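Let me begin by presenting the structure, written as structure tokens, before commenting on it.
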Amino acid sequence: MKKRTINVLVLIFILCLSLIVTSCSATTTSKKEGETTKTGESSAVATDNKEPVTIVTLHSEGTVPAENASIILEVRKRTGINWSPILVGPGELENKLNTMIASGNLPDIFSFDQTKGELYVENGVLLELDDLLEKYGQEVLKNVKDYLGQGLNAGGVTWGIPAPAGYPSVLAIRTDWLKNLNLEMPTDLDSFYNVMKAFTYNDPDQDGKDDTIGLANCIKYYPSMYSNLFGAFGIPIGRPIIVDGKVTTSMKHPNYLKAIEYFRKLYNEGLMEPDFATIPNMSCLEKLWNGTYGAIDFAPTGTTNNWIGRYTEDPKPTFDFTIIKGEDGVGGTIRTYSTTYKGIAKSCKHPEEAMKLLNYLSSVEGDELLYLGIEGKHFKWVDKEEGKFEYLPPYDVSATHRADGAFIFWPLFSRVDDNTEIRTLNSLTRKGLELCRQNFLEDAFIFGVPQIAKELGSTLYDIEIEALANLIVTTGDVKAEYESYIQRWMDEGGEVWEQQATEIYKKENPGKLD
């Protein structure tokens with residue numbers, strides 16, 4: 001009830017804004033404190049005097065930068081635009097945006113998700129971007145061209161620029177343990193099973209103790225921690241699929257029970273985390289960092305990059321990545337999608353300048369500036385081609401770096417697939433990400449949210465998780481229990497979800513199910 005009330009209030013705010021935007025004689029509060037201007041006039045200092053136009057952007061960040069943060073000043077210098085970012089605390093972005101909508105004083109550039117974006121489009125809050133992108137947004141177009149027509153923009157009009165998707169998951173195997181046991185990197189289900197058995201029972205760390213487990217596993221990381229082994233059965237676990245012409249749950253994949261049987265084999269022989277259904281997610285990761293596990297299905301940015309300092313063994317463990325193929329040669333990982341966008345408010349007085357700012361900050365140079373800072377002041381390149389750099393004192397302290405405006409504004413503008421964060425990952429991690437991209441499984445992902453899902457919340461998702469955990473550990477009739485979960489999923493909203501999801505899929509993918 002609380003969530004529905006909030007949505008109604010947001011709709012009222014948007015309707016109020018629509019009246020403000022369409023009223024030619026209305027006045028609005030300027031982006032500069034204490035000034036008001038007629039709608040259609042500049043909200044910055046008069047452009048007749050060729051003073052820079054002000055463009056306001058909205059961000060969620062815990063760090064408040066210094067008053068004259070170097071990054072803000074540098075962006076203004078490079079673009080000739082009076083960039084004026086507004087920051088709110090983590091978790092406060094939506095409330096702040098709602099308040100600004102209600103007051104009729106939106107930021108010029110802000111982020112939103114698919115659901116809010118649909119509401120904003122319906123009520124005239126967002127500006128169409130196609131002409132602006134063509135004239136002033138070539139850097140943006142080059143970067144997101146493969147994603148621009150999806151989701152909110154599937155109808156042929158660009159309302160939002162897609163943000164980067166989350167990092168995908170790939171199987172990482174301890175290569176030092178492979179070497180100790182004279183084993184090759186597994187590439188199929190049989191060799192993976194053999195390696196997991198050896199990692200569990202053949203003392204791979206050579207410490208003389210029975211203290212290792214083959215596969216890290218935690219149900220709280222569903223579906224990513226299951227993606228590659230289910231992928232060997234052709235199943236994009238946790239993603240919608242098409243069965244009999246309908247979009248439905250991946251539980252209905254014809255190979256689902258085969259994948260369950262494989263996990264049951266690993267579980268019953270002790271080759272995976274025995275407490276996978278109850279272990280806290282951090283406890284699972286700590287066991288990896290402490291040298292218990294020999295394999296993990298996780299984003300490579302964690303396994304071989306961010307966690308390097310967390311591994312406690314000396315020498316540090318070494319990893320490499322693999323794709324496990326099934327009997328028919330199928331294998332891969334689930335694709336990650338972004339349902340978040342950045343857009344320009346229809347009330348923006350200088351949309352051309354807003355797009356120019358977006359274009360610069362979404363360029364390679366702008367992305368680097370926001371993420372790392374000013375070269376020679378905040379950082380220096382050690383090997384730019386390899387993505388190796390060093391922060392310079394005093395900005396080698398994260399708090400100082402952020403206080404001067406570095407990184408904190410980057411998430412809103414970050415590039416897709418080749419942003420500075422990706423370019424500065426180590427080469428092994430970048431190799432893992434590329435392996436994912438080359439082996440994404442086909443699915444029937446939908447960007448829109450079925451109405452029944454909004455009403456039910458996580459009900460159907462929770463059934464999927466419960467089914468997976470119980471089917472792996474049950475001592476009963478696996479097939480009968482599986483069928484009961486499918487029926488429960490259908491009865492508790494799945495049947496309606498299929499109908500609504502299929503309609504959304506058809507709308508977002510014209511001709512695919514005709």
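Here, A, B, ... name the chains of the structure tokens in the order displayed, residue numbers run from 1 inside each chain, and ligands are numbered from 1 in the same displayed order.
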Using only C-alpha atoms, which residues sit within 10 Å of Val140 of chain A once same-chain residues fewer than 2 positions away are excluded, as a JSON list (two decimals) with N, CA and C atoms, in the first residue's frame?
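Contents of selection_23.json, as written:
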```json
[["chain", "number", "residue", "atom", "x", "y", "z"],
["A", 133, "LEU", "N", 20.97, 14.19, -30.46],
["A", 133, "LEU", "CA", 22.06, 13.22, -30.59],
["A", 133, "LEU", "C", 22.73, 13.32, -31.95],
["A", 134, "GLU", "N", 21.93, 13.48, -32.98],
["A", 134, "GLU", "CA", 22.47, 13.57, -34.34],
["A", 134, "GLU", "C", 23.35, 14.81, -34.51],
["A", 136, "TYR", "N", 24.57, 16.98, -31.86],
["A", 136, "TYR", "CA", 25.54, 17.32, -30.81],
["A", 136, "TYR", "C", 26.02, 16.12, -29.99],
["A", 137, "GLY", "N", 25.56, 14.93, -30.33],
["A", 137, "GLY", "CA", 25.86, 13.78, -29.48],
["A", 137, "GLY", "C", 26.56, 12.62, -30.18],
["A", 138, "GLN", "N", 27.48, 12.93, -31.06],
["A", 138, "GLN", "CA", 28.13, 11.87, -31.83],
["A", 138, "GLN", "C", 28.96, 10.92, -30.96],
["A", 142, "LYS", "N", 28.21, 6.88, -30.87],
["A", 142, "LYS", "CA", 29.24, 5.88, -31.15],
["A", 142, "LYS", "C", 29.36, 4.87, -30.02],
["A", 143, "ASN", "N", 29.16, 5.35, -28.80],
["A", 143, "ASN", "CA", 29.35, 4.48, -27.65],
["A", 143, "ASN", "C", 28.17, 3.55, -27.39],
["A", 144, "VAL", "N", 26.94, 4.03, -27.58],
["A", 144, "VAL", "CA", 25.76, 3.24, -27.18],
["A", 144, "VAL", "C", 24.93, 2.75, -28.35],
["A", 145, "LYS", "N", 25.45, 2.85, -29.57],
["A", 145, "LYS", "CA", 24.63, 2.55, -30.75],
["A", 145, "LYS", "C", 24.03, 1.15, -30.71],
["A", 148, "LEU", "N", 20.97, 1.50, -28.04],
["A", 148, "LEU", "CA", 20.10, 2.66, -27.99],
["A", 148, "LEU", "C", 18.65, 2.35, -28.28],
["A", 161, "ILE", "N", 19.39, 7.66, -22.59],
["A", 161, "ILE", "CA", 20.66, 7.07, -23.00],
["A", 161, "ILE", "C", 20.99, 5.97, -22.01],
["A", 162, "PRO", "N", 21.14, 4.72, -22.48],
["A", 162, "PRO", "CA", 21.34, 3.60, -21.56],
["A", 162, "PRO", "C", 22.63, 3.73, -20.74],
["A", 355, "MET", "N", 23.07, 18.57, -24.22],
["A", 355, "MET", "CA", 23.59, 17.45, -25.00],
["A", 355, "MET", "C", 25.09, 17.59, -25.24],
["A", 356, "LYS", "N", 25.56, 18.82, -25.44],
["A", 356, "LYS", "CA", 27.00, 19.01, -25.59],
["A", 356, "LYS", "C", 27.75, 18.58, -24.33],
["A", 358, "LEU", "N", 26.63, 16.37, -22.11],
["A", 358, "LEU", "CA", 26.51, 14.91, -22.10],
["A", 358, "LEU", "C", 27.53, 14.29, -23.05],
["A", 359, "ASN", "N", 27.66, 14.87, -24.21],
["A", 359, "ASN", "CA", 28.54, 14.33, -25.23],
["A", 359, "ASN", "C", 29.99, 14.35, -24.76],
["A", 360, "TYR", "N", 30.41, 15.45, -24.15],
["A", 360, "TYR", "CA", 31.79, 15.52, -23.68],
["A", 360, "TYR", "C", 32.04, 14.56, -22.53],
["A", 361, "LEU", "N", 31.15, 14.56, -21.55],
["A", 361, "LEU", "CA", 31.37, 13.72, -20.37],
["A", 361, "LEU", "C", 31.22, 12.24, -20.70],
["A", 362, "SER", "N", 30.58, 11.91, -21.84],
["A", 362, "SER", "CA", 30.46, 10.53, -22.27],
["A", 362, "SER", "C", 31.56, 10.14, -23.26],
["A", 363, "SER", "N", 32.45, 11.07, -23.58],
["A", 363, "SER", "CA", 33.58, 10.76, -24.45],
["A", 363, "SER", "C", 34.66, 10.04, -23.65],
["A", 413, "PHE", "N", 27.47, 9.47, -16.00],
["A", 413, "PHE", "CA", 27.89, 9.68, -17.39],
["A", 413, "PHE", "C", 28.73, 8.53, -17.96],
["A", 415, "ARG", "N", 30.67, 5.57, -19.69],
["A", 415, "ARG", "CA", 30.52, 4.95, -20.99],
["A", 415, "ARG", "C", 30.13, 3.47, -20.85],
["A", 416, "VAL", "N", 29.60, 2.91, -21.92],
["A", 416, "VAL", "CA", 29.21, 1.51, -21.96],
["A", 416, "VAL", "C", 30.36, 0.69, -22.55]]
```
| query | Which residues in segment 132-229 of chain A does DSSP call strand (DSSP E)? List them as a PyMOL selection string. | reply | chain A and resi 161-162+170-174+213-215
Dump of N, CA and C atoms for the selected residues, as a PDB file, in the first residue's frame:
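Once written, selection22.pdb looks like this:
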```
ATOM      1  N   ILE A 161      19.388   7.659 -22.586  1.00  0.00           N
ATOM      2  CA  ILE A 161      20.662   7.067 -22.999  1.00  0.00           C
ATOM      3  C   ILE A 161      20.995   5.966 -22.010  1.00  0.00           C
ATOM      4  N   PRO A 162      21.138   4.721 -22.479  1.00  0.00           N
ATOM      5  CA  PRO A 162      21.343   3.596 -21.556  1.00  0.00           C
ATOM      6  C   PRO A 162      22.631   3.733 -20.741  1.00  0.00           C
ATOM      7  N   VAL A 170      31.446 -15.225 -14.728  1.00  0.00           N
ATOM      8  CA  VAL A 170      32.161 -16.269 -15.473  1.00  0.00           C
ATOM      9  C   VAL A 170      32.885 -17.168 -14.473  1.00  0.00           C
ATOM     10  N   LEU A 171      33.043 -18.421 -14.829  1.00  0.00           N
ATOM     11  CA  LEU A 171      33.712 -19.377 -13.935  1.00  0.00           C
ATOM     12  C   LEU A 171      35.205 -19.100 -13.856  1.00  0.00           C
ATOM     13  N   ALA A 172      35.694 -18.894 -12.648  1.00  0.00           N
ATOM     14  CA  ALA A 172      37.125 -18.740 -12.398  1.00  0.00           C
ATOM     15  C   ALA A 172      37.626 -20.002 -11.703  1.00  0.00           C
ATOM     16  N   ILE A 173      38.719 -20.536 -12.204  1.00  0.00           N
ATOM     17  CA  ILE A 173      39.312 -21.764 -11.663  1.00  0.00           C
ATOM     18  C   ILE A 173      40.706 -21.453 -11.140  1.00  0.00           C
ATOM     19  N   ARG A 174      41.056 -22.001  -9.981  1.00  0.00           N
ATOM     20  CA  ARG A 174      42.389 -21.779  -9.421  1.00  0.00           C
ATOM     21  C   ARG A 174      43.433 -22.538 -10.238  1.00  0.00           C
ATOM     22  N   ILE A 213      37.165 -27.228  -0.726  1.00  0.00           N
ATOM     23  CA  ILE A 213      35.921 -27.580  -1.417  1.00  0.00           C
ATOM     24  C   ILE A 213      36.058 -27.118  -2.864  1.00  0.00           C
ATOM     25  N   GLY A 214      35.548 -27.900  -3.777  1.00  0.00           N
ATOM     26  CA  GLY A 214      35.696 -27.563  -5.178  1.00  0.00           C
ATOM     27  C   GLY A 214      35.035 -26.260  -5.569  1.00  0.00           C
ATOM     28  N   LEU A 215      33.704 -26.175  -5.402  1.00  0.00           N
ATOM     29  CA  LEU A 215      32.940 -25.068  -5.962  1.00  0.00           C
ATOM     30  C   LEU A 215      32.313 -24.189  -4.894  1.00  0.00           C
TER      31      LEU A 215
END
```
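For the set A:Phe276, A:Tyr485, A:Phe409, A:Tyr341, the residue with the smallest atom-to-atom gap to Ala216 of chain A is A:Phe276, counting only C-alpha atoms.
Near Leu127 of chain A, within 10 Å and counting only C-alpha atoms, sit Tyr120, Val121, Leu132, Thr158, Trp159, Gly160, Gly343, Ile344, Ala345, Lys346, Ser347, Cys348 and Pro351 of chain A, not including residues fewer than 4 positions from it in the same chain.
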Could you make a table, as a tab-separated table, of the residues of segment 226-309 of chain A that have an atom within 12 Å of an atom of segment 175-186 of chain A, each with its nearest atom pair and distance in Å to one decimal, counting only C-alpha atoms, in chain and number order?
```
residue	atom	partner	partner_atom	distance
A:Gly291	CA	A:Trp177	CA	10.5
A:Thr292	CA	A:Trp177	CA	11.4
A:Tyr293	CA	A:Trp177	CA	10.3
A:Gly294	CA	A:Trp177	CA	7.3
A:Ala295	CA	A:Thr175	CA	9.7
```
Given the selection you just returned, output its residues as a file containing N, CA and C atoms, formatted as a PDB file, in the first residue's frame.
```pdb
ATOM      1  N   GLY A 291      41.001 -19.374   1.019  1.00  0.00           N
ATOM      2  CA  GLY A 291      41.614 -20.537   0.386  1.00  0.00           C
ATOM      3  C   GLY A 291      40.821 -21.819   0.476  1.00  0.00           C
ATOM      4  N   THR A 292      39.511 -21.747   0.737  1.00  0.00           N
ATOM      5  CA  THR A 292      38.703 -22.964   0.840  1.00  0.00           C
ATOM      6  C   THR A 292      38.251 -23.456  -0.527  1.00  0.00           C
ATOM      7  N   TYR A 293      37.839 -22.554  -1.416  1.00  0.00           N
ATOM      8  CA  TYR A 293      37.252 -22.941  -2.698  1.00  0.00           C
ATOM      9  C   TYR A 293      38.272 -22.904  -3.832  1.00  0.00           C
ATOM     10  N   GLY A 294      38.023 -23.778  -4.822  1.00  0.00           N
ATOM     11  CA  GLY A 294      38.897 -23.812  -5.989  1.00  0.00           C
ATOM     12  C   GLY A 294      38.250 -23.241  -7.234  1.00  0.00           C
ATOM     13  N   ALA A 295      36.957 -22.925  -7.178  1.00  0.00           N
ATOM     14  CA  ALA A 295      36.257 -22.377  -8.344  1.00  0.00           C
ATOM     15  C   ALA A 295      35.099 -21.521  -7.869  1.00  0.00           C
TER      16      ALA A 295
END
```
| message | List the spatial neighbours of Gly80 of chain A as a ChimeraX atom specification - criterion: any atom at most 8 Å away, only C-alpha atoms, same-chain residues fewer than 4 positions off excluded. | response | /A:52,75-76
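Counting only C-alpha atoms, the residue from A:Phe263, A:Tyr461, A:Trp83, A:Phe445 that sits nearest to Ala69 of chain A is A:Trp83.
Nearest residue to Leu369 of chain A, choosing from A:Phe233, A:Phe192, A:Tyr395, A:Trp410 and counting only C-alpha atoms: A:Trp410.
Interatomic distance, atom CA of Leu58 of chain A to atom CA of Met100 of chain A: 10.4 Å.
Going from atom CA of Ala469 of chain A over to atom CA of Asn217 of chain A, you cover 10.9 Å.
The spacing separating atom CA of Leu456 of chain A from atom CA of Ile237 of chain A amounts to 20.6 Å.
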| message | Neighbouring residues of segment 280-289 of chain A were defined as those with any atom within 7 Å, considering only C-alpha atoms; residues of the same chain fewer than 6 positions away were excluded. Please report them as a ChimeraX atom specification. | response | /A:216,218,220,310-312
Selected residues written out, C-alpha atoms, as an mmCIF file, in the first residue's frame:
```
data_model
loop_
_atom_site.group_PDB
_atom_site.id
_atom_site.type_symbol
_atom_site.label_atom_id
_atom_site.label_comp_id
_atom_site.auth_asym_id
_atom_site.auth_seq_id
_atom_site.Cartn_x
_atom_site.Cartn_y
_atom_site.Cartn_z
ATOM 1 C CA ALA A 216 31.875 -21.925 -4.135
ATOM 2 C CA CYS A 218 25.588 -19.382 -2.326
ATOM 3 C CA LYS A 220 21.881 -15.493 -2.256
ATOM 4 C CA ARG A 310 41.628 -9.804 0.312
ATOM 5 C CA TYR A 311 43.240 -13.166 -0.391
ATOM 6 C CA THR A 312 45.031 -14.362 2.738
#
```
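Residue nearest Ile472 of chain A within the list A:Ala259, A:Ile235, A:Ile86, A:Leu119: A:Ala259 [criterion: smallest interatomic distance, only C-alpha atoms].
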